[in-house]
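A.B. asks: Dumping the structure here so I can ask a few things about it.
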Amino acid sequence: MSVHKLEIAGQSREPDTPETLGFRPLYRQVKAIFVRRLMDGVWAPGAILPSEGQLAAEIGVSQGTVRKALDELAAENLVVRRQGRGTFVAEHDERRILFQFFKLAPDQGAPRFPDSVVLSVTTALANEAERAALDLAEEAAVIRIRRQRAFDGAPLIVETLSLPQQLFPGLENGPIPNNLYSLYAGHYGITIANARERLKAVALSPEDAAALGVTAGEPALQIDRIALSLDGTPVEHRLSLCLTQEVHYLSDLR
């Protein structure tokens with residue numbers, strides 16, 4: 001692993017990149033170095049990080065600066081601190097996804113992760129909406145995954161996911177797991193850092209209603225999500241149609 005040391009302010013410096021000193025707060029520059037290591041796979045999901053003292057000595061900053069950078073990564077759910085054991089790269093396990101990305105919870109009982117059934121997997125040129133959502137060129141291809149999700153066998157969600165084919169080569173040919181974000185990180189080195197969602201009430205089309213086992217025109221909650229990688233690149237567009245008679249959308253605002 002190459003060693004990157006930050007120079008003190010006032011001395012000559014390289015252009016402001018994630019690996020050099022610029023005009024951002026020092027801990028933010030250290031955080032950028034750590035994010036780059038996550039993106040490059042230097043620190044793999046589940047791996048334990050070097051100690052704060054080791055990182056501080058390697059980069060050439062104080063241990064407090066390293067701690068502040070790691071605190072921000074922990075607040076963003078990119079690393080996990082475990083008392084007495086150290087700091088680990090976060091994994092896209094079901095518990096994390098349930099906490100961070102899956103916001104539908106049963107009206108009765110504890111939140112849980114739904115089961116999934118893949119209805120179809122196809123590839124095609126991106127349409128206008130996909131190009132806009134994923135910032136794709138006109139000739140770009142996408143992988144489209146359509147699946148039904150259920151609680152205890154009762155259909156809850158029908159959704160269509162669009163992925164840039166160039167980022168996920170071959171994904172359409174293999175099994176599609178329930179936990180897609182784990183597949184993205186483990187097989188393609190793409191970690192979902194955050195997502196933007198838009199919510200809207202809609203009436204189900206005949207096709208979507210059939211996938212959910214209800215009548216056309218039934219009301220549903222539409223969740224339009226764009227998932228972003230560590231560097232802010234949009235890597236997934238997901239349109240989910242959800243029946244909400246027995247579930248609700250739960251967002252913990254802080």
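Residue numbers start at 1 in each chain; chains themselves are named A, B, ... in the order of the structure tokens; ligands are numbered from 1 in the order shown.
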So that I can see what lies close to segment 104-118 of chain A, please list as a PyMOL selection string the residues with an atom at most 9 Å from it, counting only C-alpha atoms and leaving out residues fewer than 2 positions away in the same chain.
C.D. replies: chain A and resi 94-95+97-99+102+120-121+145-153+156+176-178+242+244-251
A.B. asks: Which residues come within 12 Å of Asn194 of chain A, counting only C-alpha atoms, excluding same-chain residues fewer than 6 positions away, as number ranges by chain?
C.D. replies: A: 75-78, 92, 97, 100-102, 181, 225-236
A.B. asks: Have a look at atom CA of Thr123 of chain A and atom CA of Leu239 of chain A and let me know their distance in Å, one decimal.
C.D. replies: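 Taking atom CA of Thr123 of chain A as the start and atom CA of Leu239 of chain A as the end point, the length is 16.6 Å.
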A.B. asks: Please provide the set of residues having any atom within 9 Å of Leu125 of chain A, restricted to only C-alpha atoms, with same-chain residues fewer than 3 positions apart removed, written as a PyMOL selection string.
C.D. replies: chain A and resi 138-143
A.B. asks: Limited to N, CA and C atoms, could you put the picked residues into a file as an mmCIF file, in the first residue's frame?
C.D. replies:
data_model
loop_
_atom_site.group_PDB
_atom_site.id
_atom_site.type_symbol
_atom_site.label_atom_id
_atom_site.label_comp_id
_atom_site.auth_asym_id
_atom_site.auth_seq_id
_atom_site.Cartn_x
_atom_site.Cartn_y
_atom_site.Cartn_z
ATOM 1 N N GLU A 138 -26.405 8.532 -24.690
ATOM 2 C CA GLU A 138 -27.576 8.085 -25.451
ATOM 3 C C GLU A 138 -27.465 6.633 -25.888
ATOM 4 N N GLU A 139 -26.238 6.157 -26.158
ATOM 5 C CA GLU A 139 -26.066 4.789 -26.656
ATOM 6 C C GLU A 139 -25.807 3.787 -25.532
ATOM 7 N N ALA A 140 -25.893 4.209 -24.290
ATOM 8 C CA ALA A 140 -25.587 3.325 -23.164
ATOM 9 C C ALA A 140 -26.662 2.261 -22.980
ATOM 10 N N ALA A 141 -26.235 1.080 -22.537
ATOM 11 C CA ALA A 141 -27.152 -0.026 -22.275
ATOM 12 C C ALA A 141 -27.373 -0.177 -20.774
ATOM 13 N N VAL A 142 -28.528 -0.703 -20.424
ATOM 14 C CA VAL A 142 -28.845 -0.946 -19.017
ATOM 15 C C VAL A 142 -29.308 -2.390 -18.838
ATOM 16 N N ILE A 143 -29.152 -2.865 -17.622
ATOM 17 C CA ILE A 143 -29.735 -4.131 -17.188
ATOM 18 C C ILE A 143 -30.989 -3.777 -16.408
#
A.B. asks: Determine, counting only C-alpha atoms, which protein, DNA and RNA residues have an atom within 9 Å of an atom of segment 64-72 of chain A; residues of the same chain fewer than 2 positions away are not included. Present the result as an mmCIF file with all heavy atoms, in the first residue's frame.
C.D. replies:
data_model
loop_
_atom_site.group_PDB
_atom_site.id
_atom_site.type_symbol
_atom_site.label_atom_id
_atom_site.label_comp_id
_atom_site.auth_asym_id
_atom_site.auth_seq_id
_atom_site.Cartn_x
_atom_site.Cartn_y
_atom_site.Cartn_z
ATOM 1 N N LEU A 26 -8.568 19.656 7.654
ATOM 2 C CA LEU A 26 -7.625 18.549 7.569
ATOM 3 C C LEU A 26 -8.314 17.195 7.722
ATOM 4 O O LEU A 26 -8.017 16.247 6.999
ATOM 5 C CB LEU A 26 -6.540 18.721 8.639
ATOM 6 C CG LEU A 26 -5.338 17.786 8.544
ATOM 7 C CD1 LEU A 26 -4.649 17.922 7.197
ATOM 8 C CD2 LEU A 26 -4.358 18.074 9.678
ATOM 9 N N TYR A 27 -9.267 17.088 8.653
ATOM 10 C CA TYR A 27 -9.915 15.787 8.854
ATOM 11 C C TYR A 27 -10.725 15.381 7.624
ATOM 12 O O TYR A 27 -10.886 14.191 7.342
ATOM 13 C CB TYR A 27 -10.785 15.805 10.115
ATOM 14 C CG TYR A 27 -12.117 16.479 9.975
ATOM 15 C CD1 TYR A 27 -13.258 15.766 9.622
ATOM 16 C CD2 TYR A 27 -12.252 17.861 10.188
ATOM 17 C CE1 TYR A 27 -14.486 16.390 9.487
ATOM 18 C CE2 TYR A 27 -13.474 18.485 10.056
ATOM 19 C CZ TYR A 27 -14.592 17.748 9.708
ATOM 20 O OH TYR A 27 -15.804 18.370 9.567
ATOM 21 N N ARG A 28 -11.251 16.367 6.877
ATOM 22 C CA ARG A 28 -11.991 16.056 5.667
ATOM 23 C C ARG A 28 -11.050 15.513 4.579
ATOM 24 O O ARG A 28 -11.438 14.673 3.776
ATOM 25 C CB ARG A 28 -12.709 17.303 5.157
ATOM 26 C CG ARG A 28 -13.940 17.672 5.971
ATOM 27 C CD ARG A 28 -15.115 16.760 5.639
ATOM 28 N NE ARG A 28 -16.280 17.017 6.462
ATOM 29 C CZ ARG A 28 -17.195 17.936 6.205
ATOM 30 N NH1 ARG A 28 -17.055 18.729 5.159
ATOM 31 N NH2 ARG A 28 -18.237 18.080 7.007
ATOM 32 N N GLN A 29 -9.827 16.010 4.552
ATOM 33 C CA GLN A 29 -8.852 15.494 3.598
ATOM 34 C C GLN A 29 -8.451 14.068 3.955
ATOM 35 O O GLN A 29 -8.303 13.216 3.080
ATOM 36 C CB GLN A 29 -7.634 16.411 3.567
ATOM 37 C CG GLN A 29 -7.972 17.812 3.087
ATOM 38 C CD GLN A 29 -6.831 18.771 3.335
ATOM 39 O OE1 GLN A 29 -5.745 18.564 2.811
ATOM 40 N NE2 GLN A 29 -7.068 19.806 4.124
ATOM 41 N N VAL A 30 -8.315 13.810 5.248
ATOM 42 C CA VAL A 30 -8.015 12.449 5.697
ATOM 43 C C VAL A 30 -9.190 11.528 5.365
ATOM 44 O O VAL A 30 -9.011 10.406 4.887
ATOM 45 C CB VAL A 30 -7.712 12.440 7.208
ATOM 46 C CG1 VAL A 30 -7.562 11.007 7.718
ATOM 47 C CG2 VAL A 30 -6.448 13.239 7.501
ATOM 48 N N LYS A 31 -10.399 12.019 5.593
ATOM 49 C CA LYS A 31 -11.588 11.235 5.248
ATOM 50 C C LYS A 31 -11.589 10.900 3.760
ATOM 51 O O LYS A 31 -11.922 9.775 3.364
ATOM 52 C CB LYS A 31 -12.845 12.013 5.616
ATOM 53 C CG LYS A 31 -14.139 11.331 5.201
ATOM 54 C CD LYS A 31 -15.341 12.232 5.411
ATOM 55 C CE LYS A 31 -16.615 11.644 4.856
ATOM 56 N NZ LYS A 31 -17.761 12.583 4.948
ATOM 57 N N ALA A 32 -11.217 11.860 2.903
ATOM 58 C CA ALA A 32 -11.189 11.619 1.461
ATOM 59 C C ALA A 32 -10.199 10.514 1.107
ATOM 60 O O ALA A 32 -10.444 9.709 0.201
ATOM 61 C CB ALA A 32 -10.839 12.908 0.717
ATOM 62 N N PHE A 34 -9.443 8.020 3.057
ATOM 63 C CA PHE A 34 -10.070 6.773 3.487
ATOM 64 C C PHE A 34 -11.155 6.336 2.504
ATOM 65 O O PHE A 34 -11.285 5.150 2.192
ATOM 66 C CB PHE A 34 -10.665 6.944 4.886
ATOM 67 C CG PHE A 34 -9.639 7.169 5.973
ATOM 68 C CD1 PHE A 34 -10.025 7.655 7.220
ATOM 69 C CD2 PHE A 34 -8.301 6.913 5.754
ATOM 70 C CE1 PHE A 34 -9.094 7.856 8.220
ATOM 71 C CE2 PHE A 34 -7.351 7.126 6.744
ATOM 72 C CZ PHE A 34 -7.751 7.602 7.981
ATOM 73 N N GLU A 52 -6.067 3.760 14.946
ATOM 74 C CA GLU A 52 -5.995 5.204 14.716
ATOM 75 C C GLU A 52 -4.551 5.691 14.790
ATOM 76 O O GLU A 52 -4.139 6.559 14.013
ATOM 77 C CB GLU A 52 -6.852 5.928 15.748
ATOM 78 C CG GLU A 52 -8.344 5.696 15.565
ATOM 79 C CD GLU A 52 -9.176 6.382 16.638
ATOM 80 O OE1 GLU A 52 -8.576 6.998 17.545
ATOM 81 O OE2 GLU A 52 -10.422 6.304 16.569
ATOM 82 N N GLY A 53 -3.780 5.117 15.714
ATOM 83 C CA GLY A 53 -2.378 5.508 15.826
ATOM 84 C C GLY A 53 -1.577 5.148 14.584
ATOM 85 O O GLY A 53 -0.750 5.941 14.112
ATOM 86 N N LEU A 55 -2.764 4.725 11.522
ATOM 87 C CA LEU A 55 -3.200 5.576 10.415
ATOM 88 C C LEU A 55 -2.627 6.982 10.549
ATOM 89 O O LEU A 55 -2.212 7.595 9.562
ATOM 90 C CB LEU A 55 -4.723 5.620 10.368
ATOM 91 C CG LEU A 55 -5.409 4.314 9.943
ATOM 92 C CD1 LEU A 55 -6.913 4.405 10.171
ATOM 93 C CD2 LEU A 55 -5.112 4.004 8.477
ATOM 94 N N ALA A 56 -2.616 7.498 11.767
ATOM 95 C CA ALA A 56 -2.082 8.846 11.989
ATOM 96 C C ALA A 56 -0.605 8.917 11.610
ATOM 97 O O ALA A 56 -0.154 9.866 10.947
ATOM 98 C CB ALA A 56 -2.284 9.242 13.448
ATOM 99 N N VAL A 61 -0.621 12.890 10.374
ATOM 100 C CA VAL A 61 -1.532 13.803 11.069
ATOM 101 C C VAL A 61 -1.699 13.308 12.493
ATOM 102 O O VAL A 61 -1.194 12.248 12.866
ATOM 103 C CB VAL A 61 -2.909 13.878 10.355
ATOM 104 C CG1 VAL A 61 -2.768 14.442 8.959
ATOM 105 C CG2 VAL A 61 -3.577 12.513 10.318
ATOM 106 N N SER A 62 -2.444 14.071 13.298
ATOM 107 C CA SER A 62 -2.663 13.664 14.682
ATOM 108 C C SER A 62 -3.686 12.542 14.761
ATOM 109 O O SER A 62 -4.518 12.359 13.853
ATOM 110 C CB SER A 62 -3.149 14.851 15.513
ATOM 111 O OG SER A 62 -4.482 15.187 15.162
ATOM 112 N N ALA A 74 -18.276 6.694 10.170
ATOM 113 C CA ALA A 74 -19.196 5.884 10.974
ATOM 114 C C ALA A 74 -20.595 6.473 10.939
ATOM 115 O O ALA A 74 -21.595 5.740 10.848
ATOM 116 C CB ALA A 74 -18.689 5.788 12.414
ATOM 117 N N ALA A 75 -20.694 7.811 10.991
ATOM 118 C CA ALA A 75 -22.004 8.460 10.936
ATOM 119 C C ALA A 75 -22.690 8.221 9.593
ATOM 120 O O ALA A 75 -23.917 8.213 9.509
ATOM 121 C CB ALA A 75 -21.856 9.962 11.184
ATOM 122 N N GLU A 76 -21.901 8.005 8.547
ATOM 123 C CA GLU A 76 -22.439 7.743 7.211
ATOM 124 C C GLU A 76 -22.593 6.245 6.943
ATOM 125 O O GLU A 76 -22.868 5.830 5.821
ATOM 126 C CB GLU A 76 -21.523 8.376 6.159
ATOM 127 C CG GLU A 76 -21.494 9.897 6.236
ATOM 128 C CD GLU A 76 -20.412 10.512 5.363
ATOM 129 O OE1 GLU A 76 -19.773 9.768 4.578
ATOM 130 O OE2 GLU A 76 -20.195 11.727 5.461
ATOM 131 N N ASN A 77 -22.379 5.429 7.993
ATOM 132 C CA ASN A 77 -22.546 3.969 7.903
ATOM 133 C C ASN A 77 -21.572 3.315 6.938
ATOM 134 O O ASN A 77 -21.860 2.246 6.386
ATOM 135 C CB ASN A 77 -23.988 3.617 7.504
ATOM 136 C CG ASN A 77 -25.011 4.129 8.495
ATOM 137 O OD1 ASN A 77 -24.971 3.789 9.673
ATOM 138 N ND2 ASN A 77 -25.920 4.970 8.023
ATOM 139 N N LEU A 78 -20.412 3.926 6.727
ATOM 140 C CA LEU A 78 -19.398 3.334 5.864
ATOM 141 C C LEU A 78 -18.408 2.491 6.647
ATOM 142 O O LEU A 78 -17.770 1.587 6.089
ATOM 143 C CB LEU A 78 -18.654 4.428 5.086
ATOM 144 C CG LEU A 78 -19.529 5.241 4.126
ATOM 145 C CD1 LEU A 78 -18.715 6.317 3.447
ATOM 146 C CD2 LEU A 78 -20.177 4.329 3.089
ATOM 147 N N VAL A 79 -18.225 2.791 7.925
ATOM 148 C CA VAL A 79 -17.430 1.947 8.816
ATOM 149 C C VAL A 79 -18.240 1.703 10.078
ATOM 150 O O VAL A 79 -19.188 2.437 10.384
ATOM 151 C CB VAL A 79 -16.058 2.570 9.166
ATOM 152 C CG1 VAL A 79 -15.232 2.818 7.910
ATOM 153 C CG2 VAL A 79 -16.224 3.861 9.962
ATOM 154 N N ARG A 81 -17.783 0.898 14.254
ATOM 155 C CA ARG A 81 -16.903 0.811 15.416
ATOM 156 C C ARG A 81 -17.437 -0.269 16.357
ATOM 157 O O ARG A 81 -18.616 -0.259 16.702
ATOM 158 C CB ARG A 81 -16.834 2.152 16.144
ATOM 159 C CG ARG A 81 -16.158 3.263 15.328
ATOM 160 C CD ARG A 81 -16.014 4.507 16.194
ATOM 161 N NE ARG A 81 -15.380 5.610 15.507
ATOM 162 C CZ ARG A 81 -14.067 5.761 15.373
ATOM 163 N NH1 ARG A 81 -13.259 4.829 15.847
ATOM 164 N NH2 ARG A 81 -13.561 6.821 14.766
ATOM 165 N N THR A 87 -12.253 -0.801 14.385
ATOM 166 C CA THR A 87 -13.139 -0.219 13.378
ATOM 167 C C THR A 87 -13.095 -1.088 12.134
ATOM 168 O O THR A 87 -12.020 -1.452 11.645
ATOM 169 C CB THR A 87 -12.693 1.211 13.036
ATOM 170 O OG1 THR A 87 -12.708 2.007 14.228
ATOM 171 C CG2 THR A 87 -13.619 1.841 12.013
#
A.B. asks: Taking the chain letters and numbering used in this document, name the residues of segment 47-89 of chain A that DSSP puts in strand (DSSP E or B), as a PyMOL selection string.
C.D. replies: chain A and resi 48+79-82+86-89
A.B. asks: With N, CA and C atoms retained, write the just-selected residues as a compact mmCIF listing (two decimals), in the first residue's frame.
C.D. replies:
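part_24.txt, freshly written:
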# COMPACT_ATOMS: atom_id res chain seq x y z
N ILE A 48 -10.99 -5.24 9.00
CA ILE A 48 -10.66 -4.37 10.12
C ILE A 48 -9.64 -3.33 9.67
N VAL A 79 -18.22 2.79 7.92
CA VAL A 79 -17.43 1.95 8.82
C VAL A 79 -18.24 1.70 10.08
N VAL A 80 -17.86 0.67 10.81
CA VAL A 80 -18.55 0.30 12.04
C VAL A 80 -17.53 0.19 13.15
N ARG A 81 -17.78 0.90 14.25
CA ARG A 81 -16.90 0.81 15.42
C ARG A 81 -17.44 -0.27 16.36
N ARG A 82 -16.57 -1.18 16.77
CA ARG A 82 -16.96 -2.24 17.68
C ARG A 82 -16.10 -2.15 18.93
N GLY A 86 -12.20 -2.74 17.49
CA GLY A 86 -11.65 -1.88 16.46
C GLY A 86 -12.70 -1.33 15.52
N THR A 87 -12.25 -0.80 14.39
CA THR A 87 -13.14 -0.22 13.38
C THR A 87 -13.10 -1.09 12.13
N PHE A 88 -14.27 -1.41 11.59
CA PHE A 88 -14.39 -2.32 10.46
C PHE A 88 -15.10 -1.62 9.31
N VAL A 89 -14.77 -2.03 8.08
CA VAL A 89 -15.50 -1.55 6.91
C VAL A 89 -16.90 -2.15 6.97
A.B. asks: May I ask which of the residues A:Ala90, A:Ala195, A:Val158, A:Leu163 is the closest one to Ala126 of chain A, counting only C-alpha atoms?
C.D. replies: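 With only C-alpha atoms as the atom set, the closest residue is A:Leu163.
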